[in-house]
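Read through the structure below, which is laid out as structure tokens, and then see the notes.
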Amino acid sequence: MNLLSLQRRMAHAVMTPLTPSEGMRRVSPDGRPMREVTAEFIKSNERLTSFERLEIYNRQYWFRVLSSFAEDFPGLRAVLGGRKFNAVAKAYLSDCPSRSFTLRNLCSRLESWLRRHPGWAGSRQALAVDMVRLEWADIEAFDRKAEPALKPKDLAGADASKLRLRLQPYLQLLDLRYPVDDLLLGVRGDEDTEFSSNAFTERRKRKRVLAVAKLKPASIFLAVYRLDESVYFRRLDCEEFIILNELRAGKTLNRAIDTALRKSSIPLAKPSARIQRWFHTYAALGWFCQPENEVIASQTRIVPFEKAKKHE
Amino acid sequence: MEHQMPANAFNNFTDYGIGIGLRSSHYNHILTRKPVVDWFEIISENFMIDGGRPLQILDQILEQYKIVQHGVSMYFGSAERADREHLRRLKELVKRTKTPWLTDHLCWGSVDGRYTHDLLPMPYTFEAAKITAQKIRDVRDFLEVPIAVENVSSYAEFHVSEMTEWEFLTEVVERADCGILLDVNNIYVSSQNHNFDPHTYIREVPAERVAQIHIAGHSKYRKYILDTHDHPVIDPVWKLYADAIHRAGHTATLLEWDDSIPSFDEVHTEALKANKFLATESLAMAV
């Protein structure tokens with residue numbers, strides 16, 4: 001048996017799900033007894049059979065990936081409950097084993113997997129998908145790149161009809177159907193609470209989830225971002241969400257604002273004051289980064305928003 | 001006296017003393033109290049990211065301490081080629097930390113692009129040694145930093161093996177012309193699991209290639225021992241450590257403590273017990 005064949009054989013066995021009692025399965029997928037399969041390539045000794053030796057690795061693998069999954073998705077656990085959450089974790093990890101050198105990326109495909117397998121979350125599918133999206137965005141916001149923030153001088157002479165603002169890579173924009181931001185903060189708060197019993201904490205989590213699950217789905221828009229190396233959530237107006245997404249797609253500032261205001265409920269009379277307030281906040285939070293190259297041509301000039309709209 | 005040089009080409013001719021693993025539960029203590037520590041070992045993968053708090057902390061630590069990178073997922077022994085994205089990120093980190101040498105395990109853990117995130121044991125064959133050595137050379141050439149490979153704890157042995165573990169280790173490091181991160185706890189754990197004499201292992205490895213030594217604790221079960229890094233170092237492992245420095249000379253030594261991590265002071269005190277053995281060895285060499 002050459003190196004590659006041996007490694008394929010062992011990896012297959014190691015990554016095969018455990019039995020309900022957390023042992024290695026007795027029968028291999030091709031129907032042969034695992035004792036026979038393992039004895040073909042692993043030695044036994046006077047204390048452990050080949051099966052038992054391989055089982056150590058099989059168990060280690062599942063304990064490791066399940067623990068990583070659980071660590072990253074406490075909110076999903078609260079939504080689904082412990083038993084269903086464990087079942088989802090095992091099913092996902094069986095279908096989507098890690099394809100990255102880092103466990104950080106273990107659940108990068110969880111949202112798409114959950115959408116393809118709605119049966120797992122049952123009546124809480126939409127809530128579960130929202131929670132997974134938020135918890136994944138939280139991971140992304142935590143360690144994605146921060147580029148140098150845009151400074152006023154970078155905008156000197158910029159023309160809003162040509163200006164393309166770049167968003168920080170760490171900034172995550174989400175449109176959700178449930179207020180899972182509040183739910184997740186509550187769940188985390190419950191977990192951090194000292195002096196409370198596990199049963200009490202679990203009861204409180206269940207109450208929180210039930211309260212959110214009873215809500216009628218209604219769109220909320222959320223920015224998940226990093227400030228001073230901590231991750232925060234900020235609710236956005238629909239128009240803000242559209243503007244930021246348009247900017248991320250590379251549209252000009254005027255085009256992004258036009259798109260957002262087309263179906264806006266903001267009174268037509270004076271949207272600019274509100275938009276300026278938003279941009280003040282974004283700038284203060286450092287959400288815009290400096291241009292990759294000199295895309296802001298030096299000959300352009302900044303023009304008031306109302307005028308710029310007419311120019312495009 | 002076999003080996004008097006405290007440093008060699010495989011640790012970039014450094015003399016790093018006694019270090020401990022940098023763990024997040026100790027960040028606050030380190031940054032506020034600024035304890036005197038010879039060096040810290042970081043798990044490379046924890047910092048192979050684009051930004052955020054881990055890199056901010058790392059930069060603060062780098063301002064005051066020496067760092068050596070230790071990896072857990074290069075999988076030199078995997079039959080497939082090294083992942084390009086992994087290498088790119090690792091090189092970025094090497095530039096950031098200026099690690100004088102870099103370590104990872106003599107094991108495999110991925111196949112056909114699927115990762116187990118475990119340190120799986122090698123079959124001790126000449127084919128495996130050749131493939132592994134080539135991969136170490138490729139990685140070293142790309143990263144442009146000396147590499148030392150660490151012997152792992154293992155719980156299984158293969159029928160196809162053609163040599164002992166220490167013969168395999170020697171075969172690989174000589175083919176790759178790289179260093180050894182000699183983990184004396186792993187030698188102890190494997191010796192108990194596979195019934196061999198751990199002192200023979202230490203006697204047989206090429207001591208001149210030992211760039212670094214790991215010490216750690218483990219957990220004993222009824223039928224086997226697991227390498228859990230969650231206990232103090234036991235006496236038989238300290239004896240192996242004494243053997244190792246007797247052969248390799250004073251070598252950069254690091255205590256690993258990764259689970260049920262106690263206070264910083266407790267971990268550091270445990271690591272500094274190595275000084276007793278280093279002093280004894282110095283005395284022996286002086287007379």
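Residues are referred to by chain and number: the chain letter is A, B, ... according to the order shown in the structure tokens, the number counts from 1 in that chain, and ligands are numbered separately from 1 in the order shown.
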With region 196-208 of chain A as the partner and 9 Å as the cut-off, tabulate the residues of region 6-107 of chain A that qualify, each row holding the nearest pair of atoms and their distance in Å to one decimal, using only C-alpha atoms, sorted by chain and rising number, as a Markdown table.
| residue | atom | partner | partner_atom | distance |
| --- | --- | --- | --- | --- |
| A:Ala78 | CA | A:Lys205 | CA | 6.2 |
| A:Val79 | CA | A:Arg206 | CA | 7.8 |
| A:Gly81 | CA | A:Arg206 | CA | 7.9 |
Open item on the list: Please identify all residues of chain A having at least one atom at most 9 Å from any atom of chain B, considering only C-alpha atoms, and return them as a ChimeraX atom specification.
Closed with: /A:1-4,6-8,11,14-15,39-45,47-48,50,53-54,56-57,60-61,64-65,97-104,141-146,170,226,228-230
Open item on the list: I need the strand (DSSP E or B) residues of region 13-201 of chain B per DSSP on the backbone, written as a PyMOL selection string.
Closed with: chain B and resi 18-21+39-43+67-70+102-105+108-111+114-120+147-150+158+179-183
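For the pair CA of Ala260 (chain A) and CA of Leu183 (chain A), the interatomic distance is 28.2 Å.
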Open item on the list: Residues of region 130-282 of chain A classed as alpha helix (DSSP H) by DSSP on the backbone are to be reported as an MDAnalysis selection string.
Closed with: chainID A and resid 130:143 180:192 198:213 238:248 253:262 271:282
Task: Straight-line distance linking CA of Pro271 (chain A) with CA of Glu239 (chain A), stated in Å to one decimal - done: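 For CA of Pro271 (chain A) relative to CA of Glu239 (chain A), the distance reads 10.6 Å.
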Task: Residue contacts of Asp265 (chain B) (12 Å, only C-alpha atoms) excluding same-chain residues fewer than 4 positions away, as a count of residues only - done: 14
Task: Using only C-alpha atoms: which of B:Pro232, B:Ile61, B:Thr253, B:Ile136 has the shortest distance to Tyr27 (chain B) - done: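 With only C-alpha atoms as the atom set, the closest residue is B:Ile61.
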Open item on the list: Under the rule that only C-alpha atoms are counted, which of B:Thr132, B:Thr170, B:Gln69, B:Thr228 is the nearest residue to Asp259 (chain B)?
Closed with: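 Comparing B:Thr132, B:Thr170, B:Gln69, B:Thr228 against Asp259 (chain B), the winner is B:Thr228.
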